[in-house]
Amino acid sequence: MTIKTQVHTCRKCQSEDLVKNGTNASGSPLYHCKTCGTYGVLEPKQRYSEEEKEIIIKAYQERASMRGIERIHGVCRQILSAWLKKRRMSSLLLKRRYNLLIRNKYLCWRWMSYGPLYSVEKTKFGSGLH
């Protein structure tokens, strides 16, 4: 008869110096790492797949209320808000990159058309030329 022992490691520092520290509200055991001081669950549950997240976010974009989505899909309003905030930040970063790319192309085109621009500054109207 063989007995298998499972050694748990910290998700942050990969140390094996863990102590059980009670349970959370859903009943999963919590652990405390004595090396780095991290508290948490060893293997958190992935509740929603990416496809489910997309369906829920599209329902919100179709003007459904957050409370309605909470009742229908069973997702907490705070989680939905965090998903929307993350999506908004990623779209803002893409928009900034695109605007910088367009601005650089415009200045390069102006330089090629008229020669080097010695007095290029940001003006009130955004042309960059004086």
# chains A, B, ... in the order shown; residues from 1 in each chain; ligands from 1
$ select_by_dssp --residues "range 27-94 of chain A" --states "strand (DSSP E or B)" --output "list in words"
Pro29, Leu30, Tyr31, His32, Cys33, Tyr39, Gly40 and Val41 of chain A
$ write_last_selection --atoms "C-alpha atoms" --output "PDB file, in the first residue's frame"
ATOM      1  CA  PRO A  29      -9.115  26.456   3.171  1.00  0.00           C
ATOM      2  CA  LEU A  30      -6.929  29.533   3.623  1.00  0.00           C
ATOM      3  CA  TYR A  31      -3.176  29.353   4.099  1.00  0.00           C
ATOM      4  CA  HIS A  32      -0.482  31.666   5.443  1.00  0.00           C
ATOM      5  CA  CYS A  33       3.054  31.595   4.011  1.00  0.00           C
ATOM      6  CA  TYR A  39      -2.468  34.943   2.968  1.00  0.00           C
ATOM      7  CA  GLY A  40      -4.868  33.250   0.586  1.00  0.00           C
ATOM      8  CA  VAL A  41      -6.320  30.184  -1.046  1.00  0.00           C
TER       9      VAL A  41
END
$ residues_around --residues "range 53-59 of chain A" --least-positions-apart "5" --cutoff "12 Å" --atoms "only C-alpha atoms" --output "list in words"
Gln46, Arg47, Tyr48, Ala64, Ser65, Met66, Arg67, Gly68, Ile69, Glu70, Arg71, Ile72, His73, Gly74, Val75, Cys76, Arg77, Ile79, Leu80, Ser81, Ala82, Trp83, Leu84, Lys85, Lys86, Arg87 and Arg88 of chain A
$ residues_around --residues "Gln14 in chain A" --least-positions-apart "5" --cutoff "12 Å" --atoms "only C-alpha atoms" --output "list in words"
Val7, His8, Thr9, Cys33, Lys34, Thr35, Cys36, Thr38 and Leu42 of chain A
$ atom_distance --atom1 "CA of Gln61 in chain A" --atom2 "CA of Leu93 in chain A"
20.2 Å
$ atom_distance --atom1 "CA of Thr23 in chain A" --atom2 "CA of Ile3 in chain A"
25.9 Å
$ atom_distance --atom1 "CA of Glu50 in chain A" --atom2 "CA of Cys13 in chain A"
27.5 Å
